[in-house]
Structures are given as C-alpha cells and as structure tokens.
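This report refers to the structure that appears directly beneath it.
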Amino acid sequence: MKSNNPKGPKNITQGLLEMLTKMIKCNGNPNIDSKTRPVFFASLTKRPTTVHVNEIVKFDDVRVNRVKAYQPSTGVFTAPVAGVYAFNCVISAENGQKFGYQLNKNDAMYVNGYTSDSNYGSQTTSVIIELKKGDRVYIKHRHQRTETIAVLNPCQGRVWR
C-alpha cells in the first residue's frame, strides 16, 4: 500500500520502520538521546558479601552509569526522567545457602525471590517498571537473618520507553 503523501513513506512497511527508528532514537521522549539515556551496569567486587537483615545490596563495581542515576554508595537507582524502565539481576548464593531478596520501587516491594540452596544456586530477576522522575529502585535483603551472596552476573537497568 503506497502513501498518497509525496513527502510521506513510500509504503506502510517503510512508515512503520521510520516510526520505530524515531522511537528508538528518542525513546518516546525528545529530550533523551543515546548519551543521556539512563543506563547502569554494576556488580559486586567482594565475594562473598555478607548482607544483614533489611540491608540494601550495594553493587560497587560500576562499569556503566550514564547520567549517574545509580549510586554505588547507597545501592539505589533514582529515575532521572519518567518512563518505563527494565531491570535485570542475577543473584547467587555462596556455599549452599539461600538468599532472600526483594526489588523495591521506592519503599514498597515490587517483586521478590530467593536463590536455591544448591552450591552457587542463583535466581534471575527481570522486571519492567513504570517510574516517575525521582522514583527509587533497589534490591534489599528480605530474610530475618544475615546471609551471604555472590553476584556473579551484574545488575543492570535502563530506561526502556
């Protein structure tokens, strides 16, 4: 199907491709480009890491942190712009222990999980969260005892749309 508009796309496929390209370029927000899009990639350098009751996990080895939205000193990601964000994390327990955790949006649990008690048992968490500017996301320990973790694969987050 061809467009009747001489300045428009030549066909519907080209029109959809142009629309998707524009969405990817600005992520639905004309003020976000590839350099200002919030993205982080972090892991733990100290293994094993002991985490106490209700403690936030602080991923200290930050490899990517565009716009400094993730703070390794607090373990908190703060949304610099409103949008839909994707977060992924793999948590591994050491020495056959379990580790219970939750991913919080602000101060409320968004999802929770725990690792298996097999040697280096792990759990992957992937979430899509709609955030307002200033909303906070972090992973915290949720069991009523101190536990030890090893995050072999890093935590990461990015604005998705």
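Labels used: A, B, ... for chains in the order of the structure tokens, numbers from 1 for residues in each chain, and numbers from 1 for ligands as shown.
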When DSSP is applied to the backbone of this structure, which of segment 90-149 of chain A are assigned strand (DSSP E or B)? Write them out as a ChimeraX atom specification. /A:90-93,100-105,108-114,122-131,136-141,147-149
Excluding segment 123-132 of chain A and its own-chain neighbours fewer than 6 positions away, which residues fall within 6 Å of it when counting only C-alpha atoms? Please give them as a list in words. Ala82, Gly83, Val84, Tyr85, Ala86, Phe87, Asn88, Cys89, Val90, Ile91 and Thr115 of chain A
Write out the residues from the selection above, keeping N, CA and C atoms, as a PDB file, in the first residue's frame.
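The result, stored in part-v8.pdb:
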```
ATOM      1  N   ALA A  82      10.882  10.433  33.844  1.00  0.00           N
ATOM      2  CA  ALA A  82       9.757   9.496  33.871  1.00  0.00           C
ATOM      3  C   ALA A  82       9.862   8.575  32.666  1.00  0.00           C
ATOM      4  N   GLY A  83       9.445   7.332  32.835  1.00  0.00           N
ATOM      5  CA  GLY A  83       9.461   6.396  31.719  1.00  0.00           C
ATOM      6  C   GLY A  83       9.262   4.976  32.198  1.00  0.00           C
ATOM      7  N   VAL A  84       9.322   4.059  31.255  1.00  0.00           N
ATOM      8  CA  VAL A  84       9.248   2.634  31.546  1.00  0.00           C
ATOM      9  C   VAL A  84      10.679   2.115  31.546  1.00  0.00           C
ATOM     10  N   TYR A  85      11.072   1.486  32.629  1.00  0.00           N
ATOM     11  CA  TYR A  85      12.446   1.020  32.826  1.00  0.00           C
ATOM     12  C   TYR A  85      12.492  -0.498  32.887  1.00  0.00           C
ATOM     13  N   ALA A  86      13.604  -1.070  32.458  1.00  0.00           N
ATOM     14  CA  ALA A  86      13.853  -2.507  32.560  1.00  0.00           C
ATOM     15  C   ALA A  86      15.037  -2.724  33.499  1.00  0.00           C
ATOM     16  N   PHE A  87      14.888  -3.643  34.442  1.00  0.00           N
ATOM     17  CA  PHE A  87      15.956  -4.008  35.369  1.00  0.00           C
ATOM     18  C   PHE A  87      16.155  -5.516  35.312  1.00  0.00           C
ATOM     19  N   ASN A  88      17.417  -5.935  35.317  1.00  0.00           N
ATOM     20  CA  ASN A  88      17.768  -7.350  35.306  1.00  0.00           C
ATOM     21  C   ASN A  88      18.858  -7.585  36.335  1.00  0.00           C
ATOM     22  N   CYS A  89      18.743  -8.690  37.060  1.00  0.00           N
ATOM     23  CA  CYS A  89      19.759  -9.009  38.055  1.00  0.00           C
ATOM     24  C   CYS A  89      19.813 -10.518  38.262  1.00  0.00           C
ATOM     25  N   VAL A  90      21.022 -11.035  38.409  1.00  0.00           N
ATOM     26  CA  VAL A  90      21.213 -12.439  38.770  1.00  0.00           C
ATOM     27  C   VAL A  90      21.888 -12.453  40.133  1.00  0.00           C
ATOM     28  N   ILE A  91      21.219 -13.052  41.099  1.00  0.00           N
ATOM     29  CA  ILE A  91      21.755 -13.156  42.461  1.00  0.00           C
ATOM     30  C   ILE A  91      22.147 -14.612  42.696  1.00  0.00           C
ATOM     31  N   THR A 115      17.358 -17.418  46.183  1.00  0.00           N
ATOM     32  CA  THR A 115      18.197 -18.364  45.460  1.00  0.00           C
ATOM     33  C   THR A 115      17.932 -19.758  46.006  1.00  0.00           C
TER      34      THR A 115
END
```
Separation of atom CA of Arg47 of chain A from atom CA of Lys68 of chain A in Å: 24.6 Å
Residue among A:Ala93, A:Ala79, A:Ile139, A:Val67 lying closest to Glu55 of chain A, counting only C-alpha atoms: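 Between A:Ala93, A:Ala79, A:Ile139, A:Val67, the residue approaching Glu55 of chain A most closely is A:Ile139.
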If we count only C-alpha atoms, what is near Asp61 of chain A at a cut-off of 6 Å, once residues fewer than 6 positions away on the same chain are taken out, given as a VMD selection string? chain A and resid 42 to 45
Could you save those same residues with N, CA, C and O atoms as a PDB file, in the first residue's frame?
```pdb
ATOM      1  N   ALA A  42      26.320  -2.817  36.968  1.00  0.00           N
ATOM      2  CA  ALA A  42      27.156  -2.888  38.164  1.00  0.00           C
ATOM      3  C   ALA A  42      27.138  -4.294  38.754  1.00  0.00           C
ATOM      4  O   ALA A  42      26.198  -5.054  38.543  1.00  0.00           O
ATOM      5  N   SER A  43      28.194  -4.624  39.504  1.00  0.00           N
ATOM      6  CA  SER A  43      28.269  -5.916  40.187  1.00  0.00           C
ATOM      7  C   SER A  43      29.009  -5.735  41.512  1.00  0.00           C
ATOM      8  O   SER A  43      29.407  -4.634  41.861  1.00  0.00           O
ATOM      9  N   LEU A  44      29.180  -6.833  42.217  1.00  0.00           N
ATOM     10  CA  LEU A  44      29.907  -6.818  43.486  1.00  0.00           C
ATOM     11  C   LEU A  44      31.355  -7.221  43.251  1.00  0.00           C
ATOM     12  O   LEU A  44      31.610  -8.177  42.532  1.00  0.00           O
ATOM     13  N   THR A  45      32.280  -6.525  43.889  1.00  0.00           N
ATOM     14  CA  THR A  45      33.692  -6.921  43.775  1.00  0.00           C
ATOM     15  C   THR A  45      34.088  -7.849  44.912  1.00  0.00           C
ATOM     16  O   THR A  45      34.966  -8.686  44.746  1.00  0.00           O
TER      17      THR A  45
END
```
Check the smallest atom-to-atom distance from each of A:Asn95, A:Gln102, A:Ser116, A:Ser122 to Val57 of chain A using only C-alpha atoms, then report the winner.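 Answer, going by the shortest atom-to-atom distance: A:Gln102.
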Within 9 Å of Gly75 of chain A using only C-alpha atoms, minus same-chain residues under 5 positions, as an mmCIF file with C-alpha atoms, in the first residue's frame:
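The resulting file, result04.cif, is shown below:
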```
data_model
loop_
_atom_site.group_PDB
_atom_site.id
_atom_site.type_symbol
_atom_site.label_atom_id
_atom_site.label_comp_id
_atom_site.auth_asym_id
_atom_site.auth_seq_id
_atom_site.Cartn_x
_atom_site.Cartn_y
_atom_site.Cartn_z
ATOM 1 C CA ILE A 56 20.229 -2.724 50.579
ATOM 2 C CA VAL A 57 22.685 -4.566 48.326
ATOM 3 C CA LYS A 58 25.338 -2.099 47.152
ATOM 4 C CA PHE A 59 26.775 -3.088 43.775
ATOM 5 C CA ASP A 60 30.162 -1.371 43.955
ATOM 6 C CA TYR A 70 22.808 4.587 40.104
ATOM 7 C CA VAL A 137 14.698 1.233 42.714
ATOM 8 C CA TYR A 138 16.957 -1.047 44.761
ATOM 9 C CA ILE A 139 17.498 -4.636 45.839
ATOM 10 C CA LYS A 140 17.368 -5.417 49.522
#
```
In Å, how far is it from atom CA of Pro48 of chain A to atom CA of Arg66 of chain A?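 Atom-to-atom, atom CA of Pro48 of chain A to atom CA of Arg66 of chain A, that is 27.5 Å.
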Counting only C-alpha atoms, what is within 8 Å of Gly134 of chain A, bar same-chain residues fewer than 3 positions away, as a ChimeraX atom specification? /A:78-81
Please save all heavy atoms of the selected residues as a PDB file, in the first residue's frame.
```pdb
ATOM      1  N   THR A  78      17.995   6.083  41.005  1.00  0.00           N
ATOM      2  CA  THR A  78      16.957   7.111  41.053  1.00  0.00           C
ATOM      3  C   THR A  78      16.630   7.538  39.631  1.00  0.00           C
ATOM      4  O   THR A  78      17.533   7.959  38.885  1.00  0.00           O
ATOM      5  CB  THR A  78      17.420   8.330  41.880  1.00  0.00           C
ATOM      6  OG1 THR A  78      17.782   7.861  43.187  1.00  0.00           O
ATOM      7  CG2 THR A  78      16.319   9.359  42.008  1.00  0.00           C
ATOM      8  N   ALA A  79      15.379   7.413  39.245  1.00  0.00           N
ATOM      9  CA  ALA A  79      14.961   7.734  37.873  1.00  0.00           C
ATOM     10  C   ALA A  79      15.145   9.227  37.603  1.00  0.00           C
ATOM     11  O   ALA A  79      14.502  10.047  38.254  1.00  0.00           O
ATOM     12  CB  ALA A  79      13.513   7.337  37.650  1.00  0.00           C
ATOM     13  N   PRO A  80      15.998   9.576  36.629  1.00  0.00           N
ATOM     14  CA  PRO A  80      16.188  10.986  36.303  1.00  0.00           C
ATOM     15  C   PRO A  80      15.070  11.549  35.434  1.00  0.00           C
ATOM     16  O   PRO A  80      14.882  12.758  35.370  1.00  0.00           O
ATOM     17  CB  PRO A  80      17.524  11.005  35.572  1.00  0.00           C
ATOM     18  CG  PRO A  80      17.652   9.649  34.985  1.00  0.00           C
ATOM     19  CD  PRO A  80      16.922   8.718  35.910  1.00  0.00           C
ATOM     20  N   VAL A  81      14.339  10.668  34.759  1.00  0.00           N
ATOM     21  CA  VAL A  81      13.206  11.068  33.918  1.00  0.00           C
ATOM     22  C   VAL A  81      12.103  10.026  34.079  1.00  0.00           C
ATOM     23  O   VAL A  81      12.366   8.881  34.408  1.00  0.00           O
ATOM     24  CB  VAL A  81      13.586  11.182  32.418  1.00  0.00           C
ATOM     25  CG1 VAL A  81      14.585  12.288  32.183  1.00  0.00           C
ATOM     26  CG2 VAL A  81      14.100   9.868  31.876  1.00  0.00           C
TER      27      VAL A  81
END
```
